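Q: For reference, the structure I am asking about is given below.
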Protein chains: 2
Amino acid sequence: MNISAVADAAGLPVKTVRYYSDIGLVPAPARSGSGYRSYDDSALRKLVFVRRAREFGFSVGECRDLLGLYENRRRSSADVKRIAARRLEEIAEKQRELQSLHDELAHLVEACRGDHRPDCPIIDGLEARSPAAPARAPIDRPG
Amino acid sequence: MNISAVADAAGLPVKTVRYYSDIGLVPAPARSGSGYRSYDDSALRKLVFVRRAREFGFSVGECRDLLGLYENRRRSSADVKRIAARRLEEIAEKQRELQSLHDELAHLVEACRGDHRPDCPIIDGLEARSPAAPARAPIDRPG
DNA sequence: CCTAGTGTTTCCAGTTACTGGAAGGTCAAG
DNA sequence: CTTGACCTTCCAGTAACTGGAAACACTAGG
């Protein structure tokens, strides 16, 4: 399989497949005589596994660990579970953050008439309230 | 006020305050004779406003827009509401994503015995299931 | 055999919103 | 006058890709 075939099969962009072996997340594939990357089924399985793990929000580092366990027939499921449980707790934490964010913002939005006049509870709500948040966690939104 | 005073008052790191005027999010402050940045109360208010907006997850671009409205006495609250409602919908969307992620992962974690043996429903769940997700949205987690 | 078009290669730069660090100038206290 | 805290600029790095340029490879048609 050439790179675009394996990328299609794995559900990943070609660029990402290349990137994953650049950073050593998956092993460097064999090369054809002219230098084209050549993938086998084992490589495809790993790429699918990584895609799935990334969809769950595991970091590339965690994917590396999970892939090691995936490939290791003597693994203990405890090691896998530890990583997954940690991720689960992160998800739960982010859910709590988003929930309070949502509640507070929804409150402001509902209170705003949304007309041509300048007075706006949203602006007022952004102006003050929390004096100087010590933990500035919920600042992120790359996607 | 020197930069560290305004940064403390605004609840932001000094680096971030500098960064915000570098990118023109807030106006460049006046300078003392020796080149130190010098902030007044108006600058502080803007920094607080931006911090709050960032805590709500508004992007820097949105903060720019919101700050423009904040400063504009002839604004319509409708413009503010539009931006906030969009953000609110993003939050809700992410909540839905996280919810299904959480459910699916929790399911796998619960099914995993987490002992010394290699058989692991988490690994199995990562191996396949979704054939080649068309939308790979929930991949992010920078914080 | 030539050519057009698509696939592939490498490498470099850009994305978001900062953050860390180096090298050096300034200020207040003792 | 020295020490230490504070300030300046500039450059690099973060996560995980993504876009694009320049050049080589392969396939089908004429």
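Letters for chains follow the order of the structure tokens (A, B, ...), residue numbers begin at 1 for each chain, and ligand numbers begin at 1 in the order shown.
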Pick out the chain D residues within 9 Å of chain B. Count only C-alpha atoms (C1' of nucleotides). Give them as a list in words.
A: DC6, DC7, DT8, DA15 and DA16 of chain D
Q: Those residues you just picked out, can you put them in a file as a PDB file, in the first residue's frame with C-alpha atoms (C1' of nucleotides)?
A:
ATOM      1  C1'  DC D   6      12.137  44.689  37.989  1.00  0.00           C
ATOM      2  C1'  DC D   7      12.093  45.988  33.310  1.00  0.00           C
ATOM      3  C1'  DT D   8      13.348  45.723  28.190  1.00  0.00           C
ATOM      4  C1'  DA D  15       0.749  20.268  20.531  1.00  0.00           C
ATOM      5  C1'  DA D  16      -0.460  18.232  16.759  1.00  0.00           C
TER       6       DA D  16
END
Q: Can you tell me which residues surround segment 66-79 of chain A at a distance of at most 12 Å, considering only C-alpha atoms (C1' of nucleotides), apart from same-chain residues fewer than 3 positions away, and format the answer as a ChimeraX atom specification?
A: /A:24-27,42-43,45-54,58-63,82-86 /B:108-127
Q: Kindly give the distance, in Å, that separates atom CA of Gln95 of chain B and atom CA of Glu89 of chain A, rounded to a single decimal.
A: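 The value is 14.8 Å.
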Q: Show which residues sit within 12 Å of DC11 of chain C, as a count of residues only. Count only C-alpha atoms (C1' of nucleotides), and ignore same-chain residues fewer than 3 positions away.
A: 4
Q: Check the smallest atom-to-atom distance from each of C:DG25, C:DT8, C:DC2, C:DT15 to chain B using only C-alpha atoms (C1' of nucleotides), then report the winner.
A: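 Looking only at the distances to chain B, the closest residue turns out to be C:DG25.
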Q: Provide as a list in words the residues of chain C at most 9 Å from chain A, counting only C-alpha atoms (C1' of nucleotides).
A: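 Within 9 Å of chain A on chain C, we get DG7, DT8, DT9, DT16 and DA17 of chain C.
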Q: I'd like the neighbourhood of Val6 of chain B as a PyMOL selection string, where a residue qualifies if any of its atoms comes within 9 Å (using only C-alpha atoms (C1' of nucleotides)), though same-chain residues fewer than 6 positions away should be ignored.
A: chain B and resi 12+14+17+38-41+43-44+47
Q: Residues of the last selection are to be written out with C-alpha atoms, as a PDB file, in the first residue's frame.
A:
ATOM      1  CA  LEU B  12      -2.710  37.906  34.337  1.00  0.00           C
ATOM      2  CA  VAL B  14       3.290  39.788  33.051  1.00  0.00           C
ATOM      3  CA  VAL B  17       0.050  41.502  29.393  1.00  0.00           C
ATOM      4  CA  SER B  38       3.061  52.572  32.241  1.00  0.00           C
ATOM      5  CA  TYR B  39      -0.583  51.576  32.715  1.00  0.00           C
ATOM      6  CA  ASP B  40      -3.614  53.531  33.814  1.00  0.00           C
ATOM      7  CA  ASP B  41      -6.999  52.410  35.119  1.00  0.00           C
ATOM      8  CA  ALA B  43      -5.827  49.845  30.557  1.00  0.00           C
ATOM      9  CA  LEU B  44      -6.423  47.767  33.668  1.00  0.00           C
ATOM     10  CA  LEU B  47      -7.096  43.707  30.718  1.00  0.00           C
TER      11      LEU B  47
END
Q: For DG14 of chain C, please output as an mmCIF file with C-alpha atoms (C1' of nucleotides), in the first residue's frame all residues within 12 Å (counting only C-alpha atoms (C1' of nucleotides); exclusion window: fewer than 3 positions along the same chain).
A:
data_model
loop_
_atom_site.group_PDB
_atom_site.id
_atom_site.type_symbol
_atom_site.label_atom_id
_atom_site.label_comp_id
_atom_site.auth_asym_id
_atom_site.auth_seq_id
_atom_site.Cartn_x
_atom_site.Cartn_y
_atom_site.Cartn_z
ATOM 1 C "C1'" DC D 17 -0.808 18.938 12.869
ATOM 2 C "C1'" DT D 18 -1.641 21.635 8.094
ATOM 3 C "C1'" DG D 19 -0.412 24.205 3.850
ATOM 4 C "C1'" DG D 20 2.561 24.941 0.280
#
Q: Using DSSP assignments from the backbone, pull out every residue in chain A that falls under strand (DSSP E) and give it to me as a list in words.
A: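 Across chain A, those assigned strand (DSSP E) are Ala30, Arg31, Arg37 and Ser38 of chain A.
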Q: Would you mind exporting N, CA and C atoms of the selected residues as a compact mmCIF listing (two decimals), in the first residue's frame?
A:
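Contents of part-v7.txt, freshly written:
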# COMPACT_ATOMS: atom_id res chain seq x y z
N ALA A 30 8.57 0.64 5.26
CA ALA A 30 9.53 0.26 4.22
C ALA A 30 9.39 1.23 3.05
N ARG A 31 10.43 1.23 2.18
CA ARG A 31 10.38 2.12 1.04
C ARG A 31 10.50 1.32 -0.25
N ARG A 37 6.87 5.39 0.38
CA ARG A 37 6.58 4.61 1.59
C ARG A 37 5.65 3.45 1.24
N SER A 38 5.90 2.30 1.85
CA SER A 38 5.11 1.12 1.54
C SER A 38 4.60 0.48 2.83
Q: With only C-alpha atoms as the basis for distance, which of A:Asp103, A:Gly33, A:Arg64, A:Glu55 is at the shortest distance from chain B?
A: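 Going through A:Asp103, A:Gly33, A:Arg64, A:Glu55 one by one, the smallest distance to chain B is for A:Glu55.
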